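Read through the structure below, which is laid out as structure tokens, and then see the notes.
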Amino acid sequence: PQSPPPPPPSKAAASSPPAAARKAAPKAAPFTDVPHTAMRRVIAQRLSAAKRDIPHRYATAECDMDALLALRAELNARLAAAGGGGGKLSVNDFVIKAVALALNHEPTLAPQRDAPRDVCVAVATDGGLITPVVRGADALPLSALSATIRELAGRAQANRLKPDEYSGGDFTVSNLGMFGITQFSAIINPPQRAILAVGATRRVPRAAMVDADGDGGGGGRSSTTPWLAPPSPSSRRRRRRRRRRR
């Protein structure tokens, strides 16, 4: 005679998970949920709108920094010998000075002719990114420019800037070279027309770089990579049409 079929499993047995699944789930690592500050919310909104509404196109190039580094060392030695007591000139000071002077020759980026060139400097703070403005950077001597940048950056990190000290400006420089970043894509700071992203200075083989005459040569050079984000030609055409309609 055939044996009777086995009884059906109980509901409890059918619904119980396998033994491996019954093991306790690993505990999540502890974390702290930090809410956004009002400043970070504004930064996120403005940068999102800028990236969405302003056509971005990026151009990159490597610059030979040997002559600039030699000049910086010479000027810092002179400042130390003069006993001025101020800080040393940084590579960023030279970059901002060069940008301010270049704006005098590029009316598409700074349309007001014969006006002081105001350059914004991106400064990271605990509350978020802020861009204090160096007024008349094209006319400031390097030592005064360097002191102004240090003073503005110090007060920015202490949250003691006045509204007019981070409003306006013709152009922004964002430098992450001090963190070892070689290149990055910055976002245009509206209503400005372009931004310069500066990477770290590093030693590269001389053969890897090409001179203006097409020669590389031997040995080594100090190189940095600036990225320029100008608006596209179509955005400039739209601005011209809007001005004509006014």
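All residue names refer to the structure tokens as shown: chains lettered A, B, ... in order, residues numbered from 1 in each chain, ligands numbered from 1 in order.
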Identify, on the basis of only C-alpha atoms, every residue whose closest approach to Arg150 of chain A does not exceed 12 Å; exclude the query and any residue fewer than 4 positions from it along the same chain; express the result as number ranges by chain. A: 86-90, 92-93, 121, 123, 132-134, 143-146, 154-157
Okay, now the selection with N, CA, C and O atoms, as a PDB file, in the first residue's frame?
```pdb
ATOM      1  N   GLY A  86      55.047  91.628   6.190  1.00  0.00           N
ATOM      2  CA  GLY A  86      53.854  91.040   5.592  1.00  0.00           C
ATOM      3  C   GLY A  86      54.094  89.602   5.186  1.00  0.00           C
ATOM      4  O   GLY A  86      55.190  89.059   5.313  1.00  0.00           O
ATOM      5  N   GLY A  87      53.050  88.960   4.688  1.00  0.00           N
ATOM      6  CA  GLY A  87      53.172  87.592   4.245  1.00  0.00           C
ATOM      7  C   GLY A  87      53.858  87.503   2.892  1.00  0.00           C
ATOM      8  O   GLY A  87      54.094  88.504   2.205  1.00  0.00           O
ATOM      9  N   LYS A  88      54.194  86.280   2.517  1.00  0.00           N
ATOM     10  CA  LYS A  88      54.842  86.054   1.230  1.00  0.00           C
ATOM     11  C   LYS A  88      53.829  86.146   0.092  1.00  0.00           C
ATOM     12  O   LYS A  88      52.646  85.897   0.270  1.00  0.00           O
ATOM     13  N   LEU A  89      54.340  86.495  -1.070  1.00  0.00           N
ATOM     14  CA  LEU A  89      53.509  86.486  -2.265  1.00  0.00           C
ATOM     15  C   LEU A  89      53.224  85.036  -2.656  1.00  0.00           C
ATOM     16  O   LEU A  89      54.113  84.190  -2.625  1.00  0.00           O
ATOM     17  N   SER A  90      51.990  84.757  -3.016  1.00  0.00           N
ATOM     18  CA  SER A  90      51.608  83.410  -3.437  1.00  0.00           C
ATOM     19  C   SER A  90      51.479  83.352  -4.950  1.00  0.00           C
ATOM     20  O   SER A  90      51.393  84.386  -5.624  1.00  0.00           O
ATOM     21  N   ASN A  92      48.871  82.399  -6.412  1.00  0.00           N
ATOM     22  CA  ASN A  92      47.536  82.924  -6.698  1.00  0.00           C
ATOM     23  C   ASN A  92      47.544  84.444  -6.835  1.00  0.00           C
ATOM     24  O   ASN A  92      46.763  85.001  -7.618  1.00  0.00           O
ATOM     25  N   ASP A  93      48.401  85.129  -6.092  1.00  0.00           N
ATOM     26  CA  ASP A  93      48.504  86.593  -6.225  1.00  0.00           C
ATOM     27  C   ASP A  93      48.903  86.974  -7.652  1.00  0.00           C
ATOM     28  O   ASP A  93      48.343  87.911  -8.237  1.00  0.00           O
ATOM     29  N   VAL A 121      37.683  86.363  -5.729  1.00  0.00           N
ATOM     30  CA  VAL A 121      38.548  85.247  -5.337  1.00  0.00           C
ATOM     31  C   VAL A 121      37.699  84.248  -4.560  1.00  0.00           C
ATOM     32  O   VAL A 121      37.103  84.604  -3.538  1.00  0.00           O
ATOM     33  N   VAL A 123      36.765  81.655  -1.946  1.00  0.00           N
ATOM     34  CA  VAL A 123      37.301  81.310  -0.626  1.00  0.00           C
ATOM     35  C   VAL A 123      36.360  80.294   0.009  1.00  0.00           C
ATOM     36  O   VAL A 123      35.144  80.526   0.108  1.00  0.00           O
ATOM     37  N   PRO A 132      34.839  86.993  -2.161  1.00  0.00           N
ATOM     38  CA  PRO A 132      35.123  88.415  -1.914  1.00  0.00           C
ATOM     39  C   PRO A 132      35.767  89.058  -3.141  1.00  0.00           C
ATOM     40  O   PRO A 132      36.437  88.385  -3.932  1.00  0.00           O
ATOM     41  N   VAL A 133      35.550  90.362  -3.276  1.00  0.00           N
ATOM     42  CA  VAL A 133      35.972  91.091  -4.469  1.00  0.00           C
ATOM     43  C   VAL A 133      37.204  91.937  -4.146  1.00  0.00           C
ATOM     44  O   VAL A 133      37.196  92.719  -3.190  1.00  0.00           O
ATOM     45  N   VAL A 134      38.244  91.777  -4.958  1.00  0.00           N
ATOM     46  CA  VAL A 134      39.426  92.634  -4.870  1.00  0.00           C
ATOM     47  C   VAL A 134      39.189  93.803  -5.822  1.00  0.00           C
ATOM     48  O   VAL A 134      39.250  93.646  -7.044  1.00  0.00           O
ATOM     49  N   SER A 143      52.344  93.508  -3.696  1.00  0.00           N
ATOM     50  CA  SER A 143      52.345  93.391  -2.234  1.00  0.00           C
ATOM     51  C   SER A 143      51.012  93.833  -1.650  1.00  0.00           C
ATOM     52  O   SER A 143      50.470  93.184  -0.744  1.00  0.00           O
ATOM     53  N   ALA A 144      50.451  94.941  -2.166  1.00  0.00           N
ATOM     54  CA  ALA A 144      49.153  95.404  -1.685  1.00  0.00           C
ATOM     55  C   ALA A 144      48.037  94.449  -2.085  1.00  0.00           C
ATOM     56  O   ALA A 144      47.105  94.201  -1.317  1.00  0.00           O
ATOM     57  N   LEU A 145      48.136  93.901  -3.291  1.00  0.00           N
ATOM     58  CA  LEU A 145      47.142  92.925  -3.740  1.00  0.00           C
ATOM     59  C   LEU A 145      47.159  91.698  -2.840  1.00  0.00           C
ATOM     60  O   LEU A 145      46.100  91.201  -2.417  1.00  0.00           O
ATOM     61  N   SER A 146      48.341  91.190  -2.532  1.00  0.00           N
ATOM     62  CA  SER A 146      48.472  90.014  -1.675  1.00  0.00           C
ATOM     63  C   SER A 146      47.899  90.284  -0.288  1.00  0.00           C
ATOM     64  O   SER A 146      47.175  89.449   0.273  1.00  0.00           O
ATOM     65  N   GLY A 154      40.640  86.148   5.276  1.00  0.00           N
ATOM     66  CA  GLY A 154      40.546  85.955   6.720  1.00  0.00           C
ATOM     67  C   GLY A 154      39.195  86.375   7.270  1.00  0.00           C
ATOM     68  O   GLY A 154      38.593  85.670   8.089  1.00  0.00           O
ATOM     69  N   ARG A 155      38.686  87.519   6.805  1.00  0.00           N
ATOM     70  CA  ARG A 155      37.379  87.976   7.292  1.00  0.00           C
ATOM     71  C   ARG A 155      36.244  87.139   6.709  1.00  0.00           C
ATOM     72  O   ARG A 155      35.196  86.983   7.328  1.00  0.00           O
ATOM     73  N   ALA A 156      36.442  86.585   5.500  1.00  0.00           N
ATOM     74  CA  ALA A 156      35.428  85.686   4.932  1.00  0.00           C
ATOM     75  C   ALA A 156      35.299  84.427   5.783  1.00  0.00           C
ATOM     76  O   ALA A 156      34.189  83.960   6.065  1.00  0.00           O
ATOM     77  N   GLN A 157      36.425  83.856   6.197  1.00  0.00           N
ATOM     78  CA  GLN A 157      36.381  82.647   7.011  1.00  0.00           C
ATOM     79  C   GLN A 157      35.837  82.921   8.405  1.00  0.00           C
ATOM     80  O   GLN A 157      35.307  82.007   9.054  1.00  0.00           O
TER      81      GLN A 157
END
```
Taking only C-alpha atoms into account, which of A:Pro26, A:Pro35, A:Pro191, A:Gly199 comes nearest Val173 of chain A? A:Gly199
Rank A:Val34, A:Ala100, A:Ile187, A:Ala197 by their smallest atom-to-atom distance to Ala49 of chain A, using only C-alpha atoms, and report the top residue only.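 Using only C-alpha atoms, Ala49 of chain A sits closest to A:Ile187.
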Run DSSP on the backbone and tell me which residues of segment 2-145 of chain A come out as alpha helix (DSSP H); list them as a PyMOL selection string. chain A and resi 11-15+38-53+66-82+91-103+142-145
Just give me the gap between atom CA of Gly83 of chain A and atom CA of Asp138 of chain A in Å, one decimal is fine.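 Taking atom CA of Gly83 of chain A as the start and atom CA of Asp138 of chain A as the end point, the length is 25.2 Å.
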Write out as a ChimeraX atom specification all residues of segment 9-191 of chain A that DSSP puts in strand (DSSP E) for this structure's backbone. /A:59-60,63-64,119-121,123-124,129-130,133-134,171-175
Considering only C-alpha atoms, state which residue in the set A:Gly169, A:Pro141, A:Gly180, A:Gly128 is at the smallest distance from Pro116 of chain A. A:Gly169
For atom CA of Ala73 of chain A and atom CA of Val91 of chain A, quote the distance in Å rounded to one decimal.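 Straight-line distance from atom CA of Ala73 of chain A to atom CA of Val91 of chain A works out to 10.4 Å.
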Could you check how far atom CA of Gln112 of chain A sits from atom CA of Asn189 of chain A, in Å to one decimal?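 Pair atom CA of Gln112 of chain A / atom CA of Asn189 of chain A returns 18.0 Å.
Shortest atom-to-atom contact with Ser185 of chain A among A:Val42, A:Leu109, A:Ala59, A:Asp33: A:Ala59, counting only C-alpha atoms.
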Give me, as a count of residues only, all polymer residues having an atom no more than 9 Å from Pro111 of chain A, counting only C-alpha atoms and skipping those fewer than 4 positions away in the same chain. 3
Show me, as a PyMOL selection string, the residues that have an atom within 12 Å of Ala139 of chain A when counting only C-alpha atoms, minus same-chain residues fewer than 3 positions from it. chain A and resi 96-101+104+114-119+134-136+142-145
Considering only C-alpha atoms, return as a PyMOL selection string whatever protein or nucleic-acid residues lie within 10 Å of Asn175 of chain A, sequence-local ones (same chain, fewer than 3 positions apart) excluded. chain A and resi 91-92+95+121-123+172+178-179+181-184+186+196-200+226
Output file for the selection above: N, CA and C atoms, as a short mmCIF file (atom, residue, chain, number, x, y, z; two decimals), in the first residue's frame:
```
data_model
loop_
_atom_site.label_atom_id
_atom_site.label_comp_id
_atom_site.auth_asym_id
_atom_site.auth_seq_id
_atom_site.Cartn_x
_atom_site.Cartn_y
_atom_site.Cartn_z
N VAL A 91 51.44 82.14 -5.48
CA VAL A 91 51.21 81.98 -6.91
C VAL A 91 49.85 82.56 -7.29
N ASN A 92 48.87 82.40 -6.41
CA ASN A 92 47.54 82.92 -6.70
C ASN A 92 47.54 84.44 -6.83
N VAL A 95 48.46 85.13 -10.34
CA VAL A 95 47.37 84.76 -11.25
C VAL A 95 46.30 85.85 -11.26
N VAL A 121 37.68 86.36 -5.73
CA VAL A 121 38.55 85.25 -5.34
C VAL A 121 37.70 84.25 -4.56
N ALA A 122 37.61 83.02 -5.05
CA ALA A 122 36.80 82.00 -4.36
C ALA A 122 37.50 81.59 -3.07
N VAL A 123 36.76 81.65 -1.95
CA VAL A 123 37.30 81.31 -0.63
C VAL A 123 36.36 80.29 0.01
N THR A 172 35.92 85.89 -11.88
CA THR A 172 36.24 85.10 -10.68
C THR A 172 37.39 84.15 -10.96
N MET A 178 46.32 74.43 -4.14
CA MET A 178 46.90 74.17 -2.82
C MET A 178 46.44 72.84 -2.23
N PHE A 179 45.38 72.24 -2.81
CA PHE A 179 44.90 70.93 -2.35
C PHE A 179 45.38 69.80 -3.25
N ILE A 181 44.85 69.54 -6.46
CA ILE A 181 43.95 69.31 -7.60
C ILE A 181 44.63 69.86 -8.86
N THR A 182 44.75 69.04 -9.89
CA THR A 182 45.44 69.48 -11.10
C THR A 182 44.50 70.20 -12.06
N GLN A 183 43.22 69.82 -12.10
CA GLN A 183 42.27 70.51 -12.96
C GLN A 183 40.85 70.21 -12.50
N PHE A 184 39.96 71.15 -12.73
CA PHE A 184 38.56 70.98 -12.37
C PHE A 184 37.74 71.95 -13.20
N ALA A 186 35.04 74.74 -13.13
CA ALA A 186 34.33 75.70 -12.28
C ALA A 186 33.04 76.15 -12.96
N LEU A 196 37.88 81.42 -14.11
CA LEU A 196 39.15 80.73 -14.33
C LEU A 196 39.38 79.75 -13.20
N ALA A 197 39.55 78.47 -13.54
CA ALA A 197 39.86 77.43 -12.57
C ALA A 197 41.35 77.10 -12.67
N VAL A 198 42.08 77.21 -11.57
CA VAL A 198 43.53 77.04 -11.57
C VAL A 198 43.89 75.79 -10.78
N GLY A 199 44.72 74.94 -11.39
CA GLY A 199 45.16 73.71 -10.74
C GLY A 199 46.54 73.86 -10.11
N ALA A 200 47.05 72.74 -9.61
CA ALA A 200 48.31 72.73 -8.87
C ALA A 200 49.50 72.89 -9.81
N PRO A 226 45.42 75.95 -16.04
CA PRO A 226 44.23 76.77 -15.84
C PRO A 226 43.11 76.36 -16.80
#
```
